$ cat work-v7.cif   # mmCIF, C-alpha atoms
data_protein
loop_
_atom_site.label_atom_id
_atom_site.label_comp_id
_atom_site.auth_asym_id
_atom_site.auth_seq_id
_atom_site.Cartn_x
_atom_site.Cartn_y
_atom_site.Cartn_z
CA MET U 3 0.00 0.00 0.00
CA GLN U 4 1.51 3.26 -1.10
CA HIS U 5 -1.36 5.54 -0.09
CA ILE U 6 -3.34 6.15 3.03
CA SER U 7 -6.77 4.65 2.60
CA GLY U 8 -9.94 5.69 4.38
CA ILE U 9 -12.68 3.67 5.97
CA SER U 10 -15.09 1.90 3.65
CA ARG U 11 -18.33 3.80 3.19
CA GLN U 12 -20.32 0.62 3.70
CA GLN U 13 -18.64 -0.03 7.06
CA LEU U 14 -20.99 0.43 9.99
CA GLN U 15 -19.64 2.81 12.62
CA ILE U 16 -21.07 3.53 16.02
CA SER U 17 -20.37 7.02 17.27
CA SER U 18 -22.37 9.80 18.81
CA LEU U 19 -22.55 13.45 17.83
CA GLU U 20 -21.23 14.25 21.29
CA ASP U 21 -17.92 12.58 20.42
CA LYS U 22 -17.53 14.64 17.25
CA ILE U 23 -17.91 18.07 18.91
CA ALA U 24 -14.91 19.34 20.87
CA SER U 25 -15.41 20.67 24.38
CA ASP U 26 -14.28 24.18 23.37
CA ASN U 27 -16.48 24.37 20.24
CA PRO U 28 -18.57 27.58 19.99
CA VAL U 29 -21.78 25.59 19.49
CA ARG U 30 -21.58 24.48 23.11
CA PHE U 31 -21.57 28.14 24.12
CA ILE U 32 -24.58 28.85 21.87
CA GLU U 33 -26.43 25.92 23.45
CA ALA U 34 -25.78 27.18 27.00
CA PHE U 35 -26.59 30.79 26.08
CA VAL U 36 -29.95 30.00 24.47
CA GLU U 37 -30.99 27.60 27.22
CA HIS U 38 -30.43 30.25 29.91
CA ILE U 39 -32.16 33.27 28.36
CA SER U 40 -35.78 34.20 28.86
CA LEU U 41 -37.65 34.33 25.56
CA GLU U 42 -40.50 36.43 26.94
CA SER U 43 -38.15 39.15 28.21
CA LEU U 44 -36.67 39.51 24.71
CA GLY U 45 -40.10 39.87 23.14
CA PHE U 46 -40.59 36.47 21.53
CA LYS U 47 -44.18 35.36 21.33
CA ALA U 48 -45.08 32.12 23.08
CA LYS U 49 -46.86 29.78 20.66
CA THR U 50 -49.76 27.72 21.81
CA ILE U 51 -49.46 24.03 21.05
CA LYS U 52 -52.05 22.90 18.53
CA THR U 53 -54.15 19.80 19.10
CA GLU U 54 -54.12 18.73 15.45
CA GLY U 55 -51.62 18.91 12.64
CA ARG U 56 -47.86 18.85 12.84
CA PRO U 57 -46.41 20.33 16.04
CA SER U 58 -44.46 23.56 15.69
CA PHE U 59 -40.76 23.99 16.37
CA ASP U 60 -39.57 25.44 19.65
CA ALA U 61 -38.40 29.05 19.30
CA LYS U 62 -35.06 28.08 20.86
CA VAL U 63 -34.32 25.93 17.82
CA PHE U 64 -34.51 28.98 15.57
CA LEU U 65 -32.48 31.09 18.00
CA LYS U 66 -29.72 28.50 17.90
CA ILE U 67 -29.83 28.48 14.10
CA TYR U 68 -29.64 32.27 13.85
CA LEU U 69 -26.84 32.59 16.42
CA TYR U 70 -24.86 29.90 14.60
CA GLY U 71 -25.45 31.72 11.33
CA TYR U 72 -24.44 35.02 12.96
CA LEU U 73 -21.12 33.57 14.12
CA ASN U 74 -20.41 31.90 10.77
CA GLY U 75 -21.60 34.60 8.37
CA LEU U 76 -24.71 32.77 7.15
CA ARG U 77 -27.78 34.95 6.70
CA SER U 78 -29.83 33.21 4.03
CA SER U 79 -32.55 30.90 5.33
CA ARG U 80 -31.85 28.48 2.48
CA LYS U 81 -28.16 28.32 3.38
CA LEU U 82 -29.06 27.82 7.03
CA GLU U 83 -31.33 24.92 6.05
CA LYS U 84 -28.50 23.32 4.04
CA GLU U 85 -26.15 23.69 6.99
CA CYS U 86 -28.72 22.02 9.28
CA ILE U 87 -28.61 18.99 6.97
CA ARG U 88 -24.86 18.67 6.34
CA ASN U 89 -23.10 20.36 9.25
CA ILE U 90 -22.28 18.14 12.21
CA GLU U 91 -22.09 21.13 14.57
CA LEU U 92 -25.65 22.17 13.75
CA GLN U 93 -26.85 18.58 13.94
CA TRP U 94 -25.44 18.46 17.48
CA LEU U 95 -26.85 21.88 18.37
CA LEU U 96 -30.36 21.09 17.10
CA CYS U 97 -30.40 17.42 18.17
CA GLY U 98 -30.99 16.36 14.59
CA ILE U 99 -33.95 18.66 13.92
CA VAL U 100 -33.96 20.12 10.39
CA PRO U 101 -36.51 22.91 9.86
CA ASN U 102 -37.12 23.93 6.26
CA TYR U 103 -36.04 27.32 4.93
CA HIS U 104 -39.60 28.68 4.97
CA SER U 105 -39.98 28.04 8.71
CA ILE U 106 -36.60 29.68 9.36
CA SER U 107 -37.58 32.69 7.25
CA ASP U 108 -41.04 33.00 8.84
CA PHE U 109 -39.52 33.05 12.32
CA ARG U 110 -37.32 35.97 11.25
CA LYS U 111 -40.35 37.81 9.82
CA GLN U 112 -42.48 37.23 12.91
CA ASN U 113 -39.84 38.23 15.48
CA PRO U 114 -37.70 41.09 14.12
CA SER U 115 -37.51 43.06 17.37
CA GLY U 116 -36.85 39.94 19.46
CA LEU U 117 -33.97 38.91 17.20
CA LYS U 118 -32.51 42.41 17.36
CA LYS U 119 -32.62 42.30 21.18
CA LEU U 120 -31.14 38.79 21.14
CA PHE U 121 -28.16 39.84 19.02
CA LYS U 122 -27.55 42.92 21.19
CA LEU U 123 -27.63 40.75 24.31
CA PHE U 124 -25.36 38.18 22.66
CA VAL U 125 -22.76 40.76 21.61
CA SER U 126 -22.82 42.50 25.00
CA PHE U 127 -22.36 39.13 26.71
CA LEU U 128 -19.41 38.32 24.45
CA LYS U 129 -17.87 41.71 25.30
CA ASP U 130 -18.41 41.21 29.04
CA ALA U 131 -16.81 37.75 28.85
CA ASP U 132 -13.82 39.22 26.94
CA LEU U 133 -14.45 36.89 24.02
CA ILE U 134 -14.57 39.83 21.61
CA ALA U 135 -13.02 43.26 21.97
CA GLY U 136 -15.66 45.20 20.07
CA GLU U 137 -13.09 47.64 18.69
CA THR U 138 -13.49 46.93 14.97
CA ILE U 139 -16.58 48.20 13.21
CA ALA U 140 -17.45 46.68 9.86
CA ILE U 141 -20.23 47.72 7.53
CA ASP U 142 -21.45 44.97 5.28
CA GLY U 143 -23.41 45.53 2.11
CA THR U 144 -22.34 49.09 1.49
CA LYS U 145 -23.23 50.12 -2.02
CA SER U 146 -21.19 52.81 -3.69
CA ARG U 147 -21.70 53.96 -7.22
CA ALA U 148 -18.70 53.95 -9.48
CA HIS U 149 -18.34 57.02 -11.64
CA ASN U 150 -15.28 57.25 -13.85
CA SER U 151 -16.18 59.14 -16.97
CA LYS U 152 -13.68 61.37 -18.82
CA LYS U 153 -15.00 64.40 -16.95
CA ALA U 154 -14.90 62.73 -13.54
CA ASN U 155 -11.39 61.25 -13.46
CA PHE U 156 -8.28 63.34 -12.93
CA SER U 157 -4.67 62.84 -13.89
CA GLN U 158 -1.80 65.05 -12.79
CA LYS U 159 -1.93 66.86 -16.15
CA LYS U 160 -5.66 67.63 -15.72
CA ILE U 161 -5.13 68.85 -12.17
CA ASP U 162 -2.35 71.18 -13.30
CA GLN U 163 -4.55 72.55 -16.10
CA HIS U 164 -7.43 73.17 -13.66
CA LEU U 165 -5.14 74.89 -11.17
CA ALA U 166 -3.73 77.11 -13.94
CA TYR U 167 -7.28 77.94 -15.05
CA ILE U 168 -8.39 78.81 -11.53
#

$ encode --input "work-v7.cif" --output "structure tokens"
Amino acid sequence: MQHISGISRQQLQISSLEDKIASDNPVRFIEAFVEHISLESLGFKAKTIKTEGRPSFDAKVFLKIYLYGYLNGLRSSRKLEKECIRNIELQWLLCGIVPNYHSISDFRKQNPSGLKKLFKLFVSFLKDADLIAGETIAIDGTKSRAHNSKKANFSQKKIDQHLAYI
């Protein structure tokens, strides 16, 4: 054998998700954070459990998804759904629950102020715990219009001509 070979895909393996997530993984922090916050104080509406039809997801499931997306730069509900399916960290965090993108999106639409308060609380907690410094400010999605016509761009020759004219 000249090459390192992997395990056969047909080989049965017994392992738990707990074994695959390190003890210092950020998803463990997200789990603890969401389990210890009060949803009502942040403005999330408590849903009544229906007697018929499919049961709804717990709001904490969506909070975990959004905090994970916040830490990993995922904003799209479709991308978050894909990560719930293929990402071991999210499988551990959600205990194998995979909400569809429409449910994830609807939760965001129904709770905009609660999510805003959640993210403020999350960032302030990270600052208090010295996990982030909070010194760098980044603006994402800034749109600037490019304008580089012959009249709008300047070379040293044009600048000298304008100064002479003035």

$ resolve_selection --input "work-v7.cif" --expression "the PyMOL selection byres ((chain U and resi 93) around 12)" --output "list in words"
Ser18, Leu19, Glu20, Lys22, Ile23, Val29, Val63, Lys66, Ile67, Tyr70, Leu82, Glu83, Lys84, Glu85, Cys86, Ile87, Arg88, Asn89, Ile90, Glu91, Leu92, Trp94, Leu95, Leu96, Cys97, Gly98, Ile99, Val100 and Pro101 of chain U

$ resolve_selection --input "work-v7.cif" --expression "the PyMOL selection byres ((chain U and resi 72) around 12)" --output "PyMOL selection string"
chain U and resi 28-29+32+65-71+73-79+82+117-118+120-122+124-125

$ closest_residue --input "work-v7.cif" --among "U:Lys62, U:Arg110, U:Arg80, U:Arg11" --to "Ser40 in chain U" --atoms "all atoms listed in the file"
U:Lys62

$ axis_aligned_box --input "work-v7.cif" --around "range 107-122 of chain U" --padding-each-side "4 Å" --output "lines of an AutoDock Vina configuration file"
center_x = -35.0
center_y = 37.9
center_z = 14.2
size_x = 22.9
size_y = 18.4
size_z = 21.9

$ closest_residue --input "work-v7.cif" --among "U:Arg30, U:Pro114, U:Gly45, U:Ser105" --to "Asp60 in chain U" --atoms "all atoms listed in the file"
U:Ser105

$ atom_distance --input "work-v7.cif" --atom1 "CA of Ile106 in chain U" --atom2 "CA of Leu44 in chain U"
18.2 Å

$ atom_distance --input "work-v7.cif" --atom1 "CA of Ala34 in chain U" --atom2 "CA of Leu128 in chain U"
13.1 Å

$ decode --input "work-v7.cif" --residues "range 22-125 of chain U" --atoms "C-alpha atoms" --output "compact mmCIF listing (two decimals), in the first residue's frame"
# COMPACT_ATOMS: atom_id res chain seq x y z
CA LYS U 22 -17.53 14.64 17.25
CA ILE U 23 -17.91 18.07 18.91
CA ALA U 24 -14.91 19.34 20.87
CA SER U 25 -15.41 20.67 24.38
CA ASP U 26 -14.28 24.18 23.37
CA ASN U 27 -16.48 24.37 20.24
CA PRO U 28 -18.57 27.58 19.99
CA VAL U 29 -21.78 25.59 19.49
CA ARG U 30 -21.58 24.48 23.11
CA PHE U 31 -21.57 28.14 24.12
CA ILE U 32 -24.58 28.85 21.87
CA GLU U 33 -26.43 25.92 23.45
CA ALA U 34 -25.78 27.18 27.00
CA PHE U 35 -26.59 30.79 26.08
CA VAL U 36 -29.95 30.00 24.47
CA GLU U 37 -30.99 27.60 27.22
CA HIS U 38 -30.43 30.25 29.91
CA ILE U 39 -32.16 33.27 28.36
CA SER U 40 -35.78 34.20 28.86
CA LEU U 41 -37.65 34.33 25.56
CA GLU U 42 -40.50 36.43 26.94
CA SER U 43 -38.15 39.15 28.21
CA LEU U 44 -36.67 39.51 24.71
CA GLY U 45 -40.10 39.87 23.14
CA PHE U 46 -40.59 36.47 21.53
CA LYS U 47 -44.18 35.36 21.33
CA ALA U 48 -45.08 32.12 23.08
CA LYS U 49 -46.86 29.78 20.66
CA THR U 50 -49.76 27.72 21.81
CA ILE U 51 -49.46 24.03 21.05
CA LYS U 52 -52.05 22.90 18.53
CA THR U 53 -54.15 19.80 19.10
CA GLU U 54 -54.12 18.73 15.45
CA GLY U 55 -51.62 18.91 12.64
CA ARG U 56 -47.86 18.85 12.84
CA PRO U 57 -46.41 20.33 16.04
CA SER U 58 -44.46 23.56 15.69
CA PHE U 59 -40.76 23.99 16.37
CA ASP U 60 -39.57 25.44 19.65
CA ALA U 61 -38.40 29.05 19.30
CA LYS U 62 -35.06 28.08 20.86
CA VAL U 63 -34.32 25.93 17.82
CA PHE U 64 -34.51 28.98 15.57
CA LEU U 65 -32.48 31.09 18.00
CA LYS U 66 -29.72 28.50 17.90
CA ILE U 67 -29.83 28.48 14.10
CA TYR U 68 -29.64 32.27 13.85
CA LEU U 69 -26.84 32.59 16.42
CA TYR U 70 -24.86 29.90 14.60
CA GLY U 71 -25.45 31.72 11.33
CA TYR U 72 -24.44 35.02 12.96
CA LEU U 73 -21.12 33.57 14.12
CA ASN U 74 -20.41 31.90 10.77
CA GLY U 75 -21.60 34.60 8.37
CA LEU U 76 -24.71 32.77 7.15
CA ARG U 77 -27.78 34.95 6.70
CA SER U 78 -29.83 33.21 4.03
CA SER U 79 -32.55 30.90 5.33
CA ARG U 80 -31.85 28.48 2.48
CA LYS U 81 -28.16 28.32 3.38
CA LEU U 82 -29.06 27.82 7.03
CA GLU U 83 -31.33 24.92 6.05
CA LYS U 84 -28.50 23.32 4.04
CA GLU U 85 -26.15 23.69 6.99
CA CYS U 86 -28.72 22.02 9.28
CA ILE U 87 -28.61 18.99 6.97
CA ARG U 88 -24.86 18.67 6.34
CA ASN U 89 -23.10 20.36 9.25
CA ILE U 90 -22.28 18.14 12.21
CA GLU U 91 -22.09 21.13 14.57
CA LEU U 92 -25.65 22.17 13.75
CA GLN U 93 -26.85 18.58 13.94
CA TRP U 94 -25.44 18.46 17.48
CA LEU U 95 -26.85 21.88 18.37
CA LEU U 96 -30.36 21.09 17.10
CA CYS U 97 -30.40 17.42 18.17
CA GLY U 98 -30.99 16.36 14.59
CA ILE U 99 -33.95 18.66 13.92
CA VAL U 100 -33.96 20.12 10.39
CA PRO U 101 -36.51 22.91 9.86
CA ASN U 102 -37.12 23.93 6.26
CA TYR U 103 -36.04 27.32 4.93
CA HIS U 104 -39.60 28.68 4.97
CA SER U 105 -39.98 28.04 8.71
CA ILE U 106 -36.60 29.68 9.36
CA SER U 107 -37.58 32.69 7.25
CA ASP U 108 -41.04 33.00 8.84
CA PHE U 109 -39.52 33.05 12.32
CA ARG U 110 -37.32 35.97 11.25
CA LYS U 111 -40.35 37.81 9.82
CA GLN U 112 -42.48 37.23 12.91
CA ASN U 113 -39.84 38.23 15.48
CA PRO U 114 -37.70 41.09 14.12
CA SER U 115 -37.51 43.06 17.37
CA GLY U 116 -36.85 39.94 19.46
CA LEU U 117 -33.97 38.91 17.20
CA LYS U 118 -32.51 42.41 17.36
CA LYS U 119 -32.62 42.30 21.18
CA LEU U 120 -31.14 38.79 21.14
CA PHE U 121 -28.16 39.84 19.02
CA LYS U 122 -27.55 42.92 21.19
CA LEU U 123 -27.63 40.75 24.31
CA PHE U 124 -25.36 38.18 22.66
CA VAL U 125 -22.76 40.76 21.61
